[in-house]
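Structure first, then comments.
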Amino acid sequence: MLGFTPTELQSPAAGASSCEALSVPEDIPTEGIQEVDRLLHSYRTLHDLFDLWLLLAVKDLSQVFAWRLEAEHKMLAAGRAGLTDSQVRDFVLRFMPAYAKYAPFMYAHGPQRQEGVPVLKICVDKDRQPTTVDVID
């Protein structure tokens, strides 16, 4: 997953995020996260190609569910194929273990990257409106 830092490379003190404390839903499954952590090492070559990162951050990870649900409802209302509410939950839950594990560190330190590559971090609220903009060096 682009930008995430493997656990073993994260410093013990993750630091604070200007988006305030990240709220993580409690019912997120954790099976398979060790395999994700192992595979993150292979992303480093790709990460090193970036000369700038744009990081969109949310205060509450449950917002991802709401946004995906909103998109599916709009597709269905327009007569296009879309997922049911339970299918949306199942789909989004597949990504949540990684977000829950790696987003707090990434929000505080930026994505895994070469030294000196800047990160523009934009925190957005539930309406997708920017609340803060920071540069992480």
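In the structure tokens, each chain is lettered A, B, ... as it comes, each chain's residues begin at 1, and ligands are numbered from 1 in order of appearance.
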Selection near Val92 of chain A, 8 Å with only C-alpha atoms, sequence-local residues under 5 positions removed, as a list in words:
Val64, Phe65 and Arg68 of chain A
Do a neighbour search on segment 1-7 of chain A at 6 Å with only C-alpha atoms, toss out local chain neighbours closer than 2 positions, and write the hits as a compact mmCIF listing (two decimals) with all heavy atoms, in the first residue's frame.
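Result file follows (selection_36.txt):
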# COMPACT_ATOMS: atom_id res chain seq x y z
N LEU A 9 10.28 -0.61 10.69
CA LEU A 9 11.00 0.61 10.35
C LEU A 9 10.38 1.86 10.99
O LEU A 9 10.89 2.96 10.83
CB LEU A 9 11.05 0.79 8.83
CG LEU A 9 11.75 -0.31 8.05
CD1 LEU A 9 11.69 -0.03 6.55
CD2 LEU A 9 13.18 -0.50 8.52
N GLN A 10 9.29 1.68 11.71
CA GLN A 10 8.65 2.81 12.39
C GLN A 10 9.34 3.05 13.73
O GLN A 10 9.66 2.11 14.44
CB GLN A 10 7.16 2.52 12.64
CG GLN A 10 6.36 2.39 11.38
CD GLN A 10 4.88 2.11 11.66
OE1 GLN A 10 4.43 2.21 12.79
NE2 GLN A 10 4.15 1.78 10.62
N ASP A 37 2.60 -6.41 6.13
CA ASP A 37 3.81 -5.79 6.67
C ASP A 37 5.05 -6.31 5.95
O ASP A 37 5.94 -5.54 5.60
CB ASP A 37 3.90 -6.06 8.18
CG ASP A 37 4.76 -5.04 8.88
OD1 ASP A 37 4.45 -3.84 8.81
OD2 ASP A 37 5.76 -5.45 9.49
N LEU A 40 5.31 -4.84 2.38
CA LEU A 40 5.56 -3.40 2.27
C LEU A 40 7.02 -3.09 1.91
O LEU A 40 7.29 -2.06 1.29
CB LEU A 40 5.19 -2.68 3.57
CG LEU A 40 3.71 -2.47 3.81
CD1 LEU A 40 3.49 -1.82 5.17
CD2 LEU A 40 3.07 -1.64 2.72
N TYR A 102 -1.10 1.41 9.82
CA TYR A 102 -0.05 2.26 9.25
C TYR A 102 -0.40 3.75 9.15
O TYR A 102 0.50 4.58 9.11
CB TYR A 102 0.32 1.74 7.85
CG TYR A 102 0.74 0.30 7.87
CD1 TYR A 102 -0.04 -0.68 7.30
CD2 TYR A 102 1.92 -0.09 8.50
CE1 TYR A 102 0.33 -2.01 7.32
CE2 TYR A 102 2.30 -1.42 8.54
CZ TYR A 102 1.50 -2.38 7.95
OH TYR A 102 1.88 -3.69 7.99
N PRO A 111 4.64 9.58 4.29
CA PRO A 111 4.88 8.26 3.69
C PRO A 111 6.35 7.87 3.77
O PRO A 111 7.23 8.73 3.91
CB PRO A 111 4.47 8.45 2.24
CG PRO A 111 3.72 9.74 2.18
CD PRO A 111 4.18 10.55 3.32
N GLN A 112 6.59 6.58 3.62
CA GLN A 112 7.97 6.10 3.52
C GLN A 112 8.55 6.70 2.23
O GLN A 112 7.96 6.60 1.16
CB GLN A 112 7.98 4.57 3.44
CG GLN A 112 9.36 3.97 3.40
CD GLN A 112 9.31 2.47 3.20
OE1 GLN A 112 8.41 1.95 2.55
NE2 GLN A 112 10.28 1.77 3.75
Glu26 of chain A proximity check over A:Asp127, A:Glu72, A:Asp60, A:Glu8, using only C-alpha atoms: winner is A:Asp60
Between A:Gly79, A:Gly116, A:Pro130, A:Pro29, which has the minimum distance to Ala98 of chain A (counting only C-alpha atoms)?
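Answer, going by the shortest atom-to-atom distance: A:Pro29.
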For Pro97 of chain A, list every protein, DNA or RNA residue within 8 Å, evaluated using only C-alpha atoms, and leave out those in the same chain fewer than 5 positions away; present the list as a PyMOL selection string.
chain A and resi 28-30+33
Quick one: write out the picked residues with N, CA and C atoms as a compact mmCIF listing (two decimals), in the first residue's frame?
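The new file selection.txt reads:
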# COMPACT_ATOMS: atom_id res chain seq x y z
N ILE A 28 -12.25 -3.70 13.52
CA ILE A 28 -11.44 -3.98 12.35
C ILE A 28 -10.70 -5.31 12.54
N PRO A 29 -10.83 -6.22 11.57
CA PRO A 29 -10.11 -7.49 11.67
C PRO A 29 -8.60 -7.28 11.47
N THR A 30 -7.80 -8.17 12.02
CA THR A 30 -6.35 -8.01 11.91
C THR A 30 -5.66 -9.19 11.21
N ILE A 33 -2.43 -9.15 8.45
CA ILE A 33 -1.65 -7.91 8.49
C ILE A 33 -0.14 -8.19 8.51
Can you tell me, as a list in words, what residues are no more than 12 Å from Asp27 of chain A when counting only C-alpha atoms, ignoring any on the same chain fewer than 2 positions away?
Val24, Pro25, Pro29, Thr30, Leu61, Ser62, Arg89, Leu93, Met96, Pro97 and Ala100 of chain A
Output file for the residues above (N, CA, C and O atoms, as a PDB file, in the first residue's frame):
ATOM      1  N   VAL A  24      -9.999   5.170  15.136  1.00  0.00           N
ATOM      2  CA  VAL A  24     -10.002   3.905  14.401  1.00  0.00           C
ATOM      3  C   VAL A  24     -11.167   3.057  14.898  1.00  0.00           C
ATOM      4  O   VAL A  24     -11.284   2.822  16.099  1.00  0.00           O
ATOM      5  N   PRO A  25     -12.046   2.596  14.001  1.00  0.00           N
ATOM      6  CA  PRO A  25     -13.136   1.719  14.448  1.00  0.00           C
ATOM      7  C   PRO A  25     -12.599   0.490  15.172  1.00  0.00           C
ATOM      8  O   PRO A  25     -11.551  -0.038  14.820  1.00  0.00           O
ATOM      9  N   PRO A  29     -10.832  -6.221  11.571  1.00  0.00           N
ATOM     10  CA  PRO A  29     -10.108  -7.495  11.669  1.00  0.00           C
ATOM     11  C   PRO A  29      -8.603  -7.276  11.473  1.00  0.00           C
ATOM     12  O   PRO A  29      -8.193  -6.313  10.837  1.00  0.00           O
ATOM     13  N   THR A  30      -7.804  -8.165  12.024  1.00  0.00           N
ATOM     14  CA  THR A  30      -6.348  -8.012  11.911  1.00  0.00           C
ATOM     15  C   THR A  30      -5.664  -9.186  11.215  1.00  0.00           C
ATOM     16  O   THR A  30      -4.457  -9.158  11.026  1.00  0.00           O
ATOM     17  N   LEU A  61     -11.299   7.113  10.621  1.00  0.00           N
ATOM     18  CA  LEU A  61     -11.258   6.129   9.539  1.00  0.00           C
ATOM     19  C   LEU A  61     -12.641   5.614   9.144  1.00  0.00           C
ATOM     20  O   LEU A  61     -12.825   5.156   8.018  1.00  0.00           O
ATOM     21  N   SER A  62     -13.611   5.709  10.039  1.00  0.00           N
ATOM     22  CA  SER A  62     -14.953   5.240   9.679  1.00  0.00           C
ATOM     23  C   SER A  62     -15.545   6.099   8.565  1.00  0.00           C
ATOM     24  O   SER A  62     -16.506   5.697   7.899  1.00  0.00           O
ATOM     25  N   ARG A  89     -19.525  -2.530   3.155  1.00  0.00           N
ATOM     26  CA  ARG A  89     -18.836  -2.778   4.428  1.00  0.00           C
ATOM     27  C   ARG A  89     -17.791  -3.884   4.274  1.00  0.00           C
ATOM     28  O   ARG A  89     -16.660  -3.757   4.722  1.00  0.00           O
ATOM     29  N   LEU A  93     -13.833  -3.109   4.639  1.00  0.00           N
ATOM     30  CA  LEU A  93     -13.163  -3.802   5.754  1.00  0.00           C
ATOM     31  C   LEU A  93     -11.892  -4.507   5.323  1.00  0.00           C
ATOM     32  O   LEU A  93     -10.987  -4.720   6.130  1.00  0.00           O
ATOM     33  N   MET A  96      -9.160  -1.852   5.850  1.00  0.00           N
ATOM     34  CA  MET A  96      -9.065  -1.204   7.153  1.00  0.00           C
ATOM     35  C   MET A  96      -7.928  -1.699   8.044  1.00  0.00           C
ATOM     36  O   MET A  96      -7.327  -0.886   8.748  1.00  0.00           O
ATOM     37  N   PRO A  97      -7.586  -2.996   8.046  1.00  0.00           N
ATOM     38  CA  PRO A  97      -6.467  -3.393   8.907  1.00  0.00           C
ATOM     39  C   PRO A  97      -5.179  -2.627   8.583  1.00  0.00           C
ATOM     40  O   PRO A  97      -4.473  -2.178   9.486  1.00  0.00           O
ATOM     41  N   ALA A 100      -5.597   1.085   9.700  1.00  0.00           N
ATOM     42  CA  ALA A 100      -5.534   1.191  11.156  1.00  0.00           C
ATOM     43  C   ALA A 100      -4.104   1.031  11.665  1.00  0.00           C
ATOM     44  O   ALA A 100      -3.686   1.694  12.607  1.00  0.00           O
TER      45      ALA A 100
END
List every residue of chain A that DSSP, applied to the backbone of this structure, assigns to alpha helix (DSSP H), and report them as a ChimeraX atom specification.
/A:33-40,44-47,62-77,85-93,96-109
For the structure I just gave you, how does DSSP split chain A - specifically, which residues are strand (DSSP E or B)? Reply as a PyMOL selection string.
chain A and resi 23+53-58+60+119-124+130-136
